[in-house]
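Each remark here refers to the structure printed beneath this line.
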Amino acid sequence: MALGILMIMFVAMSVISVVGLSFMYLVKGESTGRVIFYVMAVWGMIVAVMSAGSLPTNYTAERLITWAIGFLSVAGILVYIRGTEEKSRRAAYLLVTASVAGGILKLFLF
């Protein structure tokens, strides 16, 4: 029973991540793209919190790695806010993508 729920959670989180990241790169509108970017950044932070919370308290190194992956979303938001050029926006997108993908991989596979 519990493994089935875990499988459903994995599939749902993976679909949300893939669809959200795809929309983040494919949407053309500035305001819609901004909203999707912030939603995916928060999603990356939520995945990091879930991943860190699922580890025992004595796994300090793994928890720090998980928090570092979640911090990539924070760094992405800061780059997005501070940057005005398209290069900085792409860098922010890549940071959020790394946060979401790394968080999912860390939570379910490593």
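Ordering of the structure tokens sets the chain letters (A, B, ...), residue numbers begin anew at 1 in every chain, and ligands are numbered from 1 in the order given.
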I'd like the contact shell of A:Ala68 - 12 Å cut-off, only C-alpha atoms, skipping same-chain residues fewer than 2 positions apart - returned as a ChimeraX atom specification. /A:44-45,47-49,51-52,61-66,70-75,95,98-100,102-103,106
Rank A:Leu78, A:Val15, A:Trp43, A:Arg89 by their smallest atom-to-atom distance to A:Glu30, using only C-alpha atoms, and report the top residue only. A:Arg89
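The gap separating atom CA of A:Glu86 from atom CA of A:Val39 is 19.6 Å, in Å to one decimal.
Shortest separation to A:Ala92 among A:Val79, A:Leu6, A:Met13, A:Met40 occurs at residue A:Val79, atoms counted being only C-alpha atoms.
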Just how far from atom CA of A:Ala41 is atom CA of A:Val96, in Å to one decimal? 5.6 Å
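Here atom CA of A:Phe23 is placed at a distance of 11.4 Å from atom CA of A:Tyr93.
Proximity ranking of A:Val19, A:Val42, A:Ala12, A:Val27 relative to A:Ile77 places A:Val42 first, based on only C-alpha atoms.
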